[in-house]
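Asker: Starting off with a structure, shown below.
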Amino acid sequence: MKRLWISIVVGLLVFPLMFQSPAKAADIPIRIIIDGVQLSTDQPPVMVNGRTMVPLRAIFEAFNASIKWDQKTQTVTAVQDNTTVILKIGSKTATINNQAVSLDVPGQNLKGRTMVPTRFVSEALGREVGWNQTTKVVTITTPVPAGVNTDPVSGVALQDVSDFGDGRDLQISFNRAANESLVDHYRVMIVKTGVVLNLSSALTVPASNYSVVTVTGANPVIKLTSASRTVDGELIKSNQAYTAFVLTAGKGSNISALSTGSSSITLATNIAVALNNVQVTDISDYGDGRDLFVSFNKLADETKVSSYRIFVVKAANYSAFNLAKANAVTSANYTQVNKTGANLTQILSSGTRDTDGALIQTGVSYRVFAMAVDSSNTANNVLSAASSAVTLTSVGISSLYVSDVNDYNDGRDLKVSFTHAADETYISQYRILVVPTSYYSSYSLSDANNVSSANYTAVSTSGTATSQVLTSSTRDVRGSLIKSGINYRVYVLSVGSGVNSGSNILSPASAEIMMWNDFSMSAATNLIVGDVNDYNDGRDLKVSFTHAADETYVSQYRIMVVPTSYYSSFSLSDANNVSSANYTAVSTTGSTTIQVLTSSTRDVRGTLIKNDVSYRVYVLTTGSGSYAGASVLSSASSIITLLNSSSLSAITGLSVSDVTDFGDGRDLKVSFTHATDETYISQYRILVVPTSYYSSFSLSDATNASYYSTASTSGNSTSQVLDSSARDARGTLIKDGVSYKVYVLTVGSGNYAGPSVLSGESSAITLAGKIPVVSVTNVTYSVNNGNLLVSFNKSLNETNIQEYRVYVVPSKQGFGSADALGVPASQYKAVAPNGTNPTVVTAARDVNGNVIATGIKYKVYVLAVANNSGLQNGGLSDSSDEFEL
């Protein structure tokens with residue numbers, strides 16, 4: 001005791017006497033480390049007059065001292081073994097075993113907490129105290145006596161927490177040793193039930209056959225790994241009974257102790273049998289997910305099933321779709337189905353997407369999978385086999401066309417033609433509906449469904465097409481007889497039967513038609529214009545069109561060249577008023593006209609035709625005989641600007657990139673900017689050239705190449721991913737590991753068909769398979785000054801990793817790779833890979849957006865996120881041990 005007093009007096013003399021209030025503490029927080037474990041307190045330690053003050057209860061309980069607090073006298077009495085310390089708040093005198101001791105700084109109340117001097121309390125209870133001014137760390141060490149027995153742990157409990165069929169299924173918890181200051185570490189040992197384990201045999205177990213638990217000052221909970229073994233060296237497995245023991249390993253020469261065994265437990269794998277009988281049917285004609293009806297048999301045992309998921313997979317990709325890929329699909333790309341206790345049926349929604357994220361559509365072949373979702377472990381999700389393939393088809397008709405074919409002044413004048421639906425399995429009949437346009441600005445499916453049977457014409461599903469002249473008694477949808485001089489549009493209603501009963505489909509409207517009493521004068525069609533010469537006048541302009549089917553009352557056609565800068569639109573009235581000097585007359589001879597205009601041809605405003613002016617061309621059909629004065633104007637041609645010579649030019653901005661990982665042309669994306677003037681360009685050809693065979697690639701090589709991908713002149717630029725059948729210029733399928741350069745050939749059309757222009761070469765590209773990311777390991781946690789710190793061993797390969805994401809997850813919440821990828825950035829901590837094993841402070845919120853709080857149990861996960869060179873195939877770590885702040 002005398003030596004203890006000397007230590008206290010020396011400590012009080014040498015400790016700095018600098019006064020520093022709590023409000024002016026250094027920026028670095030003060031930490032207190034007791035026997036290697038940081039002391040966690042609800043009020044941070046503060047410096048008062050050169051002395052570190054700590055909450056009373058936290059420091060005494062850390063030393064396993066019993067304490068008694070007298071609120072009235074503001075006095076604390078602490079007892080540990082044979083030492084009794086009495087300290088009165090506000091007093092500079094304390095007693096140790098009834099002997100008075102002077103204090104530099106008395107105990108005091110700060111911010112609602114009773115604070116006591118750390119050094120005095122520690123040394124009074126026999127601890128050694130150190131202080132590092134630079135790091136602001138107080139180290140407190142318990143002197144270790146030699147040859148003292150450690151206490152065994154108690155309450156060893158063994159739980160089955162997963163269904164992996166190995167050590168990951170086992171979780172062990174126990175109460176720490178009462179005299180933990182004598183303990184170096186704990187060893188968790190698993191034995192087959194019935195095997196005898198005593199202290200002597202436990203001390204001989206090799207390190208590979210037990211799990212080490214460090215001393216943390218808290219009761220440990222440890223989850224084993226897939227590599228965990230029994231004391232005999234056997235891997236842990238299902239259908240075997242096990243018992244757990246914990247060896248308390250003493251520090252130095254202190255004697256170790258062995259706990260009693262836990263209750264016996266036999267691991268059982270509760271993975272359900274596979275889903276089966278997945279069926280998919282095309283039931284509607286919306287052209288989206290609503291057309292798909294999915295059914296499947298539920299699991300016989302749904303005890304561990306939380307829900308089911310329906311995945312629609314492109315048939316071309318279905319053979320590679322497995323459980324790992326299903327677990328990685330984002331929630332936007334599958335349909336969640338609640339378990340109902342019966343076999344499941346589901347009509348998908350209009351917003352349903354396939355697993356690639358594309359909306360469901362007609363013309364694409366799909367297969368469907370169902371997955372049972374395990375309520376606790378994504379590794380135990382159960383994926384069905386694929387359904388048979390289904391391709392959505394349109395039920396409605398197509399190619400609707402109407403014409404005036406007679407002069408009866410009734411329905412016999414109207415001929416209706418259309419192509420039947422490709423699949424008529426669920427169609428009972430078609431209904432031809434004649435709609436007067438003066439009464440309907442629009443005509444809906446509801447309108448069509450309500451038409452009386454007397455006011456439509458029924459057509460059977462016999463054959464592949466209908467071409468029908470209506471009858472004299474045919475009425476429009478309002479009940480009036482059809483007659484000349486009225487504008488009509490025609491619709492066809494496909495009437496559903498069977499599973500489509502009640503789901504009728506209305507076609508788009510036909511072109512508008514008005515029947516004449518004895519003649520239907522029609523406009524010229526198929527109007528095409530081209531630049532064919534370089535005279536800089538009308539001789540450069542070639543016009544072709546198809547004549548009216550019936551020219552009985554047509555006197556002539558008038559070709560009118562209209563400058564677009566003067567006419568935003570050009571009407572029948574405008575055409576009728578054009579002077580004869582400003583159009584080109586064409587006779588009715590023949591069924592078509594192909595005519596190059598003359599050097600004296602003028603536009604409709606009287607100006608000679610010339611280069612560099614933008615024109616549209618129209619053809620006016622003029623009547624004769626009883627229809628003299630009547631006329632019909634054609635639709636406009638495409639815009640044309642005459643040029644002196646070919647304006648073929650090469651594309652620009654050529655770039656290539658590796659975008660996917662199929663190992664064929666689908667990995668190669670080609671982008672470029674089109675030529676400024678595409679008037680005489682028919683197409684662009686994308687040529688993929690292996691660099692090992694071509695030291696240079698010429699226009700001649702490009703023109704003679706038989707293998708290329710085409711791009712149209714639509715738009716100002718192209719950004720195109722090649723297809724799986726794409727070949728290089730030599731005819732070999734494009735593949736990984738080969739160096740290529742890409743060229744684009746601009747191909748001429750019209751008068752310039754034949755000439756082509758070759759672009760410059762792209763940069764060289766070698767397609768490479770993407771490497772799946774490897775998960776991090778050994779995820780652990782610690783608490784530092786109220787911050788949650790997470791450490792982990794980096795991925796074995798970081799070249800394909802963009803970042804690591806650290807997630808804090810409530811311990812009872814299921815959490816997989818797909819869940820991790822959907823967490824917002826504000827709810828995880830991102831860490832850039834740098835070749836080291838990181839230790840980081842987590843985000844302040846858990847993955848649900850809730851503030852991380854005391855009293856809640858959590859686990860920590862780390863996701864390795866793939867960069868452009870990586871494949872996101874999993875990447876989520878095993879969880880840390882469960883913990884509570």
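In the structure tokens, the first chain shown is A, the next is B, and so on; residue numbers restart at 1 for each chain, and ligands run from 1 in the order shown.
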I need the strand (DSSP E or B) residues of range 594-721 of chain A per DSSP on the backbone, written as a ChimeraX atom specification.
Answerer: /A:594-596,602,608,614-623,631-633,640-641,652-658,668-673,681-690,709-711,717-721
Asker: With distances taken over only C-alpha atoms, which residue among A:Gly250, A:Gly126, A:Gly590, A:Gly411 lies nearest Phe63 in chain A?
Answerer: A:Gly126
Asker: So, with only C-alpha atoms as the atoms that count, which of A:Gly816, A:Val688, A:Tyr443, A:Asp677 lies closest to Asn380 in chain A?
Answerer: A:Gly816
Asker: When you look at range 338-351 of chain A with a cut-off of 7 Å (counting only C-alpha atoms), what residues show up, excluding the ones that are within fewer than 5 positions of it in the same chain? I need them as a VMD selection string.
Answerer: chain A and resid 288 to 290 292 to 298 307 to 308 359
Asker: What's the separation between CA of Ser724 in chain A and CA of Gly737 in chain A, in Å to one decimal place?
Answerer: 15.8 Å
Asker: Within 12 Å of range 311-333 of chain A, which residues of range 755-842 of chain A show up? Give each one with its shortest atom-to-atom distance in Å (one decimal) and the two atoms involved, counting only C-alpha atoms, rows by chain then rising residue number, as JSON lines.
Answerer:
{"residue": "A:Phe815", "atom": "CA", "partner": "A:Asn327", "partner_atom": "CA", "distance": 10.7}
{"residue": "A:Gly816", "atom": "CA", "partner": "A:Asn327", "partner_atom": "CA", "distance": 7.5}
{"residue": "A:Ser817", "atom": "CA", "partner": "A:Ala328", "partner_atom": "CA", "distance": 6.0}
{"residue": "A:Ala818", "atom": "CA", "partner": "A:Ala328", "partner_atom": "CA", "distance": 4.7}
{"residue": "A:Asp819", "atom": "CA", "partner": "A:Thr330", "partner_atom": "CA", "distance": 7.8}
{"residue": "A:Ala820", "atom": "CA", "partner": "A:Ala328", "partner_atom": "CA", "distance": 9.6}
{"residue": "A:Leu821", "atom": "CA", "partner": "A:Thr330", "partner_atom": "CA", "distance": 7.9}
{"residue": "A:Gly822", "atom": "CA", "partner": "A:Thr330", "partner_atom": "CA", "distance": 7.4}
{"residue": "A:Val823", "atom": "CA", "partner": "A:Thr330", "partner_atom": "CA", "distance": 11.1}
Asker: For all heavy atoms, I'd like the residues from the last selection saved as a CSV table (one decimal), in the first residue's frame.
Answerer:
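Final output, result-v3.csv:
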chain,number,residue,atom,x,y,z
A,815,PHE,N,-30.6,-9.7,-46.4
A,815,PHE,CA,-29.9,-8.7,-47.2
A,815,PHE,C,-29.0,-9.4,-48.2
A,815,PHE,O,-28.1,-10.2,-47.8
A,815,PHE,CB,-29.0,-7.8,-46.3
A,815,PHE,CG,-28.5,-6.6,-46.9
A,815,PHE,CD1,-29.3,-5.5,-47.2
A,815,PHE,CD2,-27.1,-6.4,-47.2
A,815,PHE,CE1,-28.8,-4.4,-47.8
A,815,PHE,CE2,-26.6,-5.3,-47.8
A,815,PHE,CZ,-27.5,-4.3,-48.1
A,816,GLY,N,-29.2,-9.2,-49.5
A,816,GLY,CA,-28.4,-9.8,-50.6
A,816,GLY,C,-27.8,-8.8,-51.5
A,816,GLY,O,-28.0,-7.6,-51.4
A,817,SER,N,-27.2,-9.3,-52.5
A,817,SER,CA,-26.5,-8.4,-53.5
A,817,SER,C,-27.5,-7.5,-54.2
A,817,SER,O,-27.2,-6.3,-54.4
A,817,SER,CB,-25.7,-9.3,-54.6
A,817,SER,OG,-24.7,-10.1,-54.0
A,818,ALA,N,-28.6,-8.0,-54.6
A,818,ALA,CA,-29.6,-7.2,-55.2
A,818,ALA,C,-30.1,-6.1,-54.3
A,818,ALA,O,-30.3,-4.9,-54.7
A,818,ALA,CB,-30.8,-8.0,-55.7
A,819,ASP,N,-30.3,-6.4,-53.0
A,819,ASP,CA,-30.7,-5.4,-52.1
A,819,ASP,C,-29.6,-4.3,-51.9
A,819,ASP,O,-29.9,-3.1,-51.9
A,819,ASP,CB,-30.9,-6.0,-50.7
A,819,ASP,CG,-32.0,-7.1,-50.7
A,819,ASP,OD1,-33.1,-6.9,-51.3
A,819,ASP,OD2,-31.8,-8.2,-50.2
A,820,ALA,N,-28.3,-4.8,-51.9
A,820,ALA,CA,-27.2,-3.9,-51.7
A,820,ALA,C,-27.1,-2.9,-52.8
A,820,ALA,O,-26.9,-1.7,-52.6
A,820,ALA,CB,-25.9,-4.6,-51.5
A,821,LEU,N,-27.3,-3.3,-54.1
A,821,LEU,CA,-27.2,-2.4,-55.2
A,821,LEU,C,-28.3,-1.4,-55.2
A,821,LEU,O,-28.2,-0.4,-55.9
A,821,LEU,CB,-27.2,-3.3,-56.5
A,821,LEU,CG,-25.9,-4.1,-56.8
A,821,LEU,CD1,-26.1,-5.1,-57.9
A,821,LEU,CD2,-24.7,-3.2,-57.1
A,822,GLY,N,-29.4,-1.7,-54.5
A,822,GLY,CA,-30.5,-0.7,-54.5
A,822,GLY,C,-30.5,0.3,-53.4
A,822,GLY,O,-31.4,1.2,-53.4
A,823,VAL,N,-29.5,0.2,-52.5
A,823,VAL,CA,-29.4,1.1,-51.4
A,823,VAL,C,-28.9,2.5,-51.9
A,823,VAL,O,-27.9,2.6,-52.6
A,823,VAL,CB,-28.5,0.6,-50.3
A,823,VAL,CG1,-28.3,1.6,-49.2
A,823,VAL,CG2,-29.1,-0.7,-49.7
Asker: Quick one: residues within 12 Å of Asn577 in chain A, only C-alpha atoms, excluding same-chain residues fewer than 6 positions away - as a ChimeraX atom specification?
Answerer: /A:558,560,570-571,583,604-605,620,629,631
Asker: Just the number, please: distance in Å from CA of Ile172 in chain A to CA of Pro206 in chain A, one decimal.
Answerer: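 CA of Ile172 in chain A sits 19.5 Å away from CA of Pro206 in chain A.
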Asker: Which of these, A:Ile33, A:Val48, A:Val105, A:Val368, has the shortest distance to Glu128 in chain A once you count only C-alpha atoms?
Answerer: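 For Glu128 in chain A, the nearest of the given residues is A:Ile33.
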Asker: Hey, what's within 9 Å of range 827-834 of chain A if we count only C-alpha atoms and toss same-chain stuff fewer than 2 positions away? As a ChimeraX atom specification, please?
Answerer: /A:794-795,798-799,801-808,823-825,836-838,840-850
Asker: For Asn381 in chain A, which of A:Phe883, A:Tyr401, A:Tyr743, A:Phe164 is the closest residue, counting only C-alpha atoms?
Answerer: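 Comparing A:Phe883, A:Tyr401, A:Tyr743, A:Phe164 against Asn381 in chain A, the winner is A:Phe164.
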